[in-house]
$ cat model02.cif   # mmCIF, C-alpha atoms
data_upload
#
loop_
_atom_site.label_atom_id
_atom_site.label_comp_id
_atom_site.auth_asym_id
_atom_site.auth_seq_id
_atom_site.Cartn_x
_atom_site.Cartn_y
_atom_site.Cartn_z
CA MET U 29 15.98 -6.85 1.62
CA ALA U 30 15.57 -9.69 4.12
CA ASP U 31 17.81 -12.30 2.43
CA GLY U 32 15.52 -12.60 -0.56
CA PHE U 33 12.28 -11.27 0.94
CA LEU U 34 11.40 -7.59 0.67
CA MET U 35 9.18 -6.02 3.33
CA GLU U 36 7.10 -2.96 2.46
CA VAL U 37 5.44 -1.10 5.33
CA CYS U 38 2.52 1.25 4.74
CA VAL U 39 2.69 4.39 6.88
CA ASP U 40 0.77 7.63 7.26
CA SER U 41 3.10 9.66 9.48
CA VAL U 42 6.75 10.66 9.80
CA GLU U 43 7.07 8.71 13.05
CA SER U 44 5.78 5.54 11.39
CA ALA U 45 8.15 6.01 8.45
CA ILE U 46 11.14 6.34 10.79
CA ASN U 47 9.99 3.30 12.78
CA ALA U 48 9.57 1.27 9.59
CA GLU U 49 13.16 1.96 8.55
CA ARG U 50 14.49 1.29 12.07
CA GLY U 51 12.65 -2.02 12.12
CA GLY U 52 14.24 -3.19 8.88
CA ALA U 53 11.65 -2.35 6.22
CA SER U 54 13.02 -2.29 2.68
CA ARG U 55 10.45 0.15 1.32
CA ILE U 56 7.68 2.47 2.52
CA GLU U 57 4.25 2.99 1.03
CA LEU U 58 3.34 6.52 2.09
CA CYS U 59 -0.34 7.39 2.51
CA SER U 60 -2.63 9.56 4.50
CA SER U 61 -5.63 8.17 6.37
CA LEU U 62 -4.91 4.45 6.62
CA LEU U 63 -8.31 4.28 8.32
CA GLU U 64 -9.74 4.71 4.79
CA GLY U 65 -7.30 2.23 3.31
CA GLY U 66 -4.88 5.02 2.40
CA ILE U 67 -5.27 8.12 0.27
CA THR U 68 -2.75 10.49 -1.33
CA PRO U 69 -0.40 11.98 1.30
CA SER U 70 0.28 15.70 1.50
CA ILE U 71 3.39 17.02 -0.20
CA GLY U 72 4.52 18.28 3.20
CA LEU U 73 4.39 14.74 4.59
CA LEU U 74 6.32 13.38 1.59
CA GLN U 75 9.00 16.07 1.86
CA VAL U 76 9.58 15.56 5.58
CA VAL U 77 9.56 11.76 5.35
CA LYS U 78 12.20 11.98 2.61
CA GLN U 79 14.34 14.08 4.94
CA TYR U 80 14.28 11.40 7.65
CA VAL U 81 14.48 8.04 5.85
CA GLN U 82 16.88 6.57 3.32
CA ILE U 83 14.80 3.63 2.06
CA PRO U 84 12.58 4.09 -1.03
CA VAL U 85 9.26 5.88 -0.51
CA PHE U 86 6.38 4.92 -2.81
CA THR U 87 3.46 7.34 -2.58
CA MET U 88 -0.19 6.43 -2.81
CA ILE U 89 -2.16 8.20 -5.54
CA ARG U 90 -5.79 7.91 -4.47
CA PRO U 91 -7.90 11.08 -4.36
CA ARG U 92 -10.54 9.73 -1.95
CA GLY U 93 -11.70 6.71 -0.04
CA GLY U 94 -14.41 4.43 -1.38
CA ASP U 95 -14.50 2.68 -4.74
CA PHE U 96 -11.97 2.86 -7.56
CA LEU U 97 -14.23 4.20 -10.31
CA TYR U 98 -12.92 7.68 -10.99
CA SER U 99 -14.45 10.69 -12.75
CA ASP U 100 -12.60 12.89 -15.24
CA ARG U 101 -12.06 15.51 -12.54
CA GLU U 102 -10.69 12.93 -10.13
CA LEU U 103 -8.34 11.80 -12.90
CA GLU U 104 -7.11 15.41 -13.16
CA VAL U 105 -6.37 15.37 -9.43
CA MET U 106 -4.48 12.08 -9.73
CA LYS U 107 -2.37 13.38 -12.62
CA THR U 108 -1.54 16.55 -10.70
CA ASP U 109 -0.62 14.54 -7.60
CA ILE U 110 1.67 12.31 -9.67
CA HIS U 111 3.53 15.35 -11.03
CA LEU U 112 3.85 16.82 -7.52
CA CYS U 113 5.02 13.57 -5.94
CA LYS U 114 7.61 13.02 -8.68
CA SER U 115 8.98 16.54 -8.26
CA ASN U 116 9.17 16.14 -4.47
CA GLY U 117 11.23 12.99 -4.26
CA ALA U 118 8.86 10.04 -4.53
CA ASP U 119 10.77 6.88 -5.47
CA GLY U 120 7.70 5.09 -6.83
CA LEU U 121 3.93 5.41 -7.10
CA VAL U 122 0.96 3.30 -6.09
CA PHE U 123 -2.46 3.54 -7.74
CA GLY U 124 -5.31 1.57 -9.23
CA ALA U 125 -8.54 2.17 -11.13
CA LEU U 126 -11.45 -0.02 -12.20
CA THR U 127 -14.28 0.15 -14.70
CA GLU U 128 -17.87 -0.02 -13.51
CA ASP U 129 -18.03 -3.74 -14.35
CA GLY U 130 -15.04 -4.62 -12.18
CA ARG U 131 -12.24 -4.74 -14.73
CA ILE U 132 -8.91 -2.91 -14.74
CA ASP U 133 -9.43 0.53 -16.26
CA ALA U 134 -6.72 0.12 -18.89
CA GLU U 135 -7.28 3.49 -20.56
CA LEU U 136 -7.03 5.49 -17.33
CA SER U 137 -4.10 3.35 -16.15
CA MET U 138 -2.18 4.01 -19.37
CA GLU U 139 -2.63 7.76 -18.92
CA LEU U 140 -1.35 7.63 -15.35
CA LEU U 141 1.51 5.27 -16.16
CA ALA U 142 2.71 7.53 -18.98
CA ILE U 143 3.20 10.50 -16.66
CA SER U 144 4.54 8.30 -13.82
CA ARG U 145 7.60 7.13 -15.72
CA PRO U 146 10.43 6.55 -15.17
CA LEU U 147 9.25 5.70 -11.62
CA PRO U 148 8.13 2.13 -10.82
CA VAL U 149 4.40 1.70 -10.21
CA THR U 150 2.42 -0.70 -8.03
CA PHE U 151 -1.25 -1.47 -8.72
CA HIS U 152 -2.83 -1.38 -5.27
CA ARG U 153 -5.62 -3.42 -3.67
CA ALA U 154 -8.22 -2.13 -6.10
CA PHE U 155 -7.13 -5.45 -7.62
CA ASP U 156 -9.04 -7.23 -4.86
CA MET U 157 -12.28 -5.76 -6.22
CA VAL U 158 -11.91 -7.10 -9.78
CA HIS U 159 -14.36 -9.47 -11.44
CA ASP U 160 -11.70 -11.88 -12.74
CA PRO U 161 -8.26 -11.72 -11.07
CA VAL U 162 -6.60 -14.03 -13.61
CA VAL U 163 -7.61 -11.80 -16.53
CA ALA U 164 -6.81 -8.68 -14.47
CA THR U 165 -3.27 -9.94 -13.83
CA GLU U 166 -2.63 -10.32 -17.56
CA THR U 167 -3.98 -6.81 -18.10
CA LEU U 168 -1.60 -5.36 -15.50
CA ILE U 169 1.32 -7.20 -17.10
CA SER U 170 0.44 -5.88 -20.54
CA LEU U 171 0.13 -2.34 -19.18
CA GLY U 172 3.59 -2.55 -17.60
CA PHE U 173 2.92 -2.36 -13.86
CA GLU U 174 5.92 -3.55 -11.84
CA ARG U 175 3.88 -5.16 -9.08
CA VAL U 176 0.40 -5.78 -7.74
CA LEU U 177 -0.61 -5.64 -4.09
CA THR U 178 -3.31 -8.16 -3.21
CA SER U 179 -4.99 -10.05 -0.39
CA GLY U 180 -6.05 -12.66 -2.92
CA CYS U 181 -9.45 -10.99 -3.34
CA ASP U 182 -10.36 -11.98 0.21
CA ALA U 183 -10.62 -10.28 3.60
CA THR U 184 -6.98 -11.06 4.45
CA ALA U 185 -3.93 -12.40 2.64
CA LEU U 186 -4.14 -15.58 4.71
CA GLU U 187 -7.70 -16.24 3.58
CA GLY U 188 -6.75 -15.36 0.00
CA LEU U 189 -3.60 -17.50 0.05
CA PRO U 190 -4.76 -20.07 -2.56
CA LEU U 191 -5.41 -17.34 -5.12
CA ILE U 192 -2.17 -15.49 -4.28
CA LYS U 193 -0.25 -18.73 -4.91
CA ARG U 194 -2.07 -19.19 -8.22
CA LEU U 195 -1.28 -15.61 -9.27
CA VAL U 196 2.43 -15.96 -8.39
CA GLU U 197 2.54 -19.10 -10.55
CA GLN U 198 0.63 -17.38 -13.36
CA ALA U 199 2.89 -14.31 -13.28
CA LYS U 200 6.10 -16.33 -13.77
CA GLY U 201 8.14 -13.27 -12.83
CA ARG U 202 6.41 -10.97 -15.34
CA ILE U 203 4.95 -8.95 -12.47
CA ILE U 204 5.67 -9.05 -8.73
CA VAL U 205 2.69 -10.37 -6.77
CA MET U 206 2.93 -8.85 -3.28
CA PRO U 207 0.65 -10.25 -0.54
CA GLY U 208 -0.84 -7.70 1.83
CA GLY U 209 -3.82 -7.43 4.14
CA GLY U 210 -3.86 -8.63 7.73
CA ILE U 211 -0.26 -9.88 7.74
CA THR U 212 1.03 -10.47 11.28
CA GLU U 213 3.76 -12.36 13.11
CA ARG U 214 1.35 -15.28 13.46
CA ASN U 215 0.68 -15.81 9.76
CA LEU U 216 3.64 -14.36 7.81
CA GLN U 217 5.57 -17.62 7.54
CA ARG U 218 2.53 -19.49 6.27
CA ILE U 219 1.77 -16.75 3.71
CA LEU U 220 5.32 -16.56 2.34
CA GLU U 221 5.86 -20.32 2.24
CA GLY U 222 2.40 -20.98 0.85
CA SER U 223 2.42 -18.32 -1.85
CA GLY U 224 5.94 -18.34 -3.23
CA ALA U 225 5.94 -14.52 -3.04
CA GLN U 226 9.22 -12.65 -2.62
CA GLU U 227 7.76 -9.39 -1.26
CA PHE U 228 5.12 -8.68 1.38
CA HIS U 229 3.22 -5.64 2.61
CA CYS U 230 2.13 -4.84 6.17
CA SER U 231 1.31 -1.95 8.48
CA ALA U 232 2.61 -3.49 11.76
CA ARG U 233 0.86 -0.80 13.79
CA CYS U 234 0.20 -0.42 17.48
CA SER U 235 -1.87 2.09 19.43
CA LYS U 236 -0.14 5.07 20.96
CA GLU U 237 -1.88 7.14 23.61
CA SER U 238 -2.30 10.84 22.86
CA SER U 239 -0.15 13.28 24.88
CA MET U 240 -3.12 15.62 25.35
CA LYS U 241 -3.78 16.38 29.03
CA PHE U 242 -6.98 18.36 28.54
CA ARG U 243 -9.60 16.32 26.72
CA ASN U 244 -13.13 17.13 25.61
CA SER U 245 -14.86 13.76 25.36
CA ASN U 246 -18.05 15.36 23.99
CA VAL U 247 -16.49 16.32 20.67
CA LYS U 248 -15.23 14.15 17.82
CA MET U 249 -13.51 15.45 14.70
CA GLY U 250 -14.65 12.62 12.44
CA ALA U 251 -17.69 10.50 11.71
CA SER U 252 -18.91 7.78 14.06
CA LEU U 253 -16.57 5.23 12.45
CA SER U 254 -13.49 7.44 12.77
CA ALA U 255 -10.42 6.63 14.86
CA PRO U 256 -10.47 7.39 18.60
CA GLU U 257 -9.70 11.06 19.20
CA TYR U 258 -6.97 10.47 21.77
CA SER U 259 -5.28 7.38 20.38
CA LEU U 260 -2.83 7.23 17.45
CA LYS U 261 -1.81 4.28 15.31
CA VAL U 262 1.91 4.11 14.54
CA ALA U 263 4.19 1.52 12.97
CA ASP U 264 5.80 -0.52 15.74
CA VAL U 265 9.57 -1.05 15.52
CA SER U 266 9.59 -4.35 17.43
CA THR U 267 6.77 -5.82 15.33
CA ILE U 268 8.56 -4.87 12.12
CA ARG U 269 11.80 -6.40 13.43
CA THR U 270 9.93 -9.59 14.28
CA LEU U 271 8.37 -9.79 10.81
CA ASN U 272 11.78 -9.17 9.26
CA ALA U 273 13.32 -11.96 11.35
CA ILE U 274 10.56 -14.40 10.37
CA ALA U 275 11.15 -13.64 6.69
CA LYS U 276 14.90 -14.19 7.08
CA ASN U 277 14.43 -17.50 8.89
CA ILE U 278 12.24 -18.95 6.13
CA LEU U 279 15.20 -19.28 3.76
#
$ encode --input "model02.cif" --output "structure tokens"
Amino acid sequence: MADGFLMEVCVDSVESAINAERGGASRIELCSSLLEGGITPSIGLLQVVKQYVQIPVFTMIRPRGGDFLYSDRELEVMKTDIHLCKSNGADGLVFGALTEDGRIDAELSMELLAISRPLPVTFHRAFDMVHDPVVATETLISLGFERVLTSGCDATALEGLPLIKRLVEQAKGRIIVMPGGGITERNLQRILEGSGAQEFHCSARCSKESSMKFRNSNVKMGASLSAPEYSLKVADVSTIRTLNAIAKNIL
């Protein structure tokens, strides 16, 4: 913990997890496919990350990209993933679900929370898609979520700063409000000072060139909006160290 501030870094590879810890992260949110906003990581990824890092690893439970309105079969997948992540060393879980009218899906959340315990649970940025964030915050508190990750229902945490500040004040310590979304060295100080938050969430990634020597530029493995075939995104140690230093210097 950075003298009162806790930095969580979202990662989708072993290399990024190691870099996050080296840079001073206090916790990892482990996902696959950050290009889609993060989905449930493989058990293989979770197992190997746990072998290489000592800081807590919270795993994303999200069966697909897209919206947060889940079918009964998708709920089955989420429950199974929770059991698997718990039995393979996850230190916490991250999930969220909404109703079709943009409210917290309390019934589904209660089912998932019941099988998640005793692990701590974060409600992820599905929160940023709710109809009424003030009401949604009270719902999350009543359900027993430990924290909520939010950009203040805006494109970035900086743009959503007024709402984040309001939610921190509303929460009064009953739930941790953790800003996330577009946090960089340029805006972290303003977000922490302006919100009153004690934790923050970032990816701190940089591009890493592929080591492939032979390349077929005519073929792509994903859709047109997918990541470049021969460029990887990894958590950057120096960026994480810089963010950590900024958080320490605020106090």
$ residues_around --input "model02.cif" --residues "segment 121-129 of chain U" --least-positions-apart "2" --cutoff "6 Å" --atoms "only C-alpha atoms" --output "list in words"
Phe86, Thr87, Met88, Ile89, Phe96, Leu97, Arg131, Ile132, Asp133, Val149, Thr150, Phe151, His152 and Ala154 of chain U
$ atom_distance --input "model02.cif" --atom1 "atom CA of Met35 of chain U" --atom2 "atom CA of Cys230 of chain U"
7.7 Å
$ atom_distance --input "model02.cif" --atom1 "atom CA of His229 of chain U" --atom2 "atom CA of Ile211 of chain U"
7.5 Å
$ closest_residue --input "model02.cif" --among "U:Leu191, U:Ile268, U:Leu73, U:Met249" --to "Cys234 of chain U" --atoms "all atoms listed in the file"
U:Ile268
$ atom_distance --input "model02.cif" --atom1 "atom CA of Val37 of chain U" --atom2 "atom CA of Leu186 of chain U"
17.4 Å
$ resolve_selection --input "model02.cif" --expression "the PyMOL selection byres ((chain U and resi 195-209) around 7)" --output "NGL selection string"
:U and (169 or 174-179 or 184-185 or 191-194 or 210-211 or 223-225 or 227-230)
$ closest_residue --input "model02.cif" --among "U:Gln79, U:Ser41, U:Ser235, U:Asn272" --to "Ser60 of chain U" --atoms "only C-alpha atoms"
U:Ser41
$ resolve_selection --input "model02.cif" --expression "the PyMOL selection byres ((chain U and resi 91) around 7)" --output "number ranges by chain"
U: 67-68, 89-90, 92, 102, 105-106
$ resolve_selection --input "model02.cif" --expression "the PyMOL selection byres ((chain U and resi 266) around 10)" --output "JSON, numbers by chain"
{"U": [47, 48, 50, 51, 52, 232, 263, 264, 265, 267, 268, 269, 270, 271, 272]}
$ closest_residue --input "model02.cif" --among "U:Asp100, U:Ile71, U:Thr108, U:Gly120" --to "Ile56 of chain U" --atoms "all atoms listed in the file"
U:Gly120
$ closest_residue --input "model02.cif" --among "U:Val39, U:Leu136, U:Val77, U:Leu147" --to "Glu104 of chain U" --atoms "only C-alpha atoms"
U:Leu136
$ closest_residue --input "model02.cif" --among "U:Pro256, U:Gly188, U:Gly32, U:Gly117" --to "Leu63 of chain U" --atoms "only C-alpha atoms"
U:Pro256
$ closest_residue --input "model02.cif" --among "U:Lys261, U:Met157, U:Ala134, U:Ile274" --to "Asn215 of chain U" --atoms "all atoms listed in the file"
U:Ile274
$ residues_near_point --input "model02.cif" --point "(2.2, 11.8, -14.1)" --cutoff "6 Å" --atoms "only C-alpha atoms" --output "compact mmCIF listing (two decimals) with C-alpha atoms, keeping the file's coordinate frame"
# COMPACT_ATOMS: atom_id res chain seq x y z
CA LYS U 107 -2.37 13.38 -12.62
CA ILE U 110 1.67 12.31 -9.67
CA HIS U 111 3.53 15.35 -11.03
CA LEU U 140 -1.35 7.63 -15.35
CA ILE U 143 3.20 10.50 -16.66
CA SER U 144 4.54 8.30 -13.82
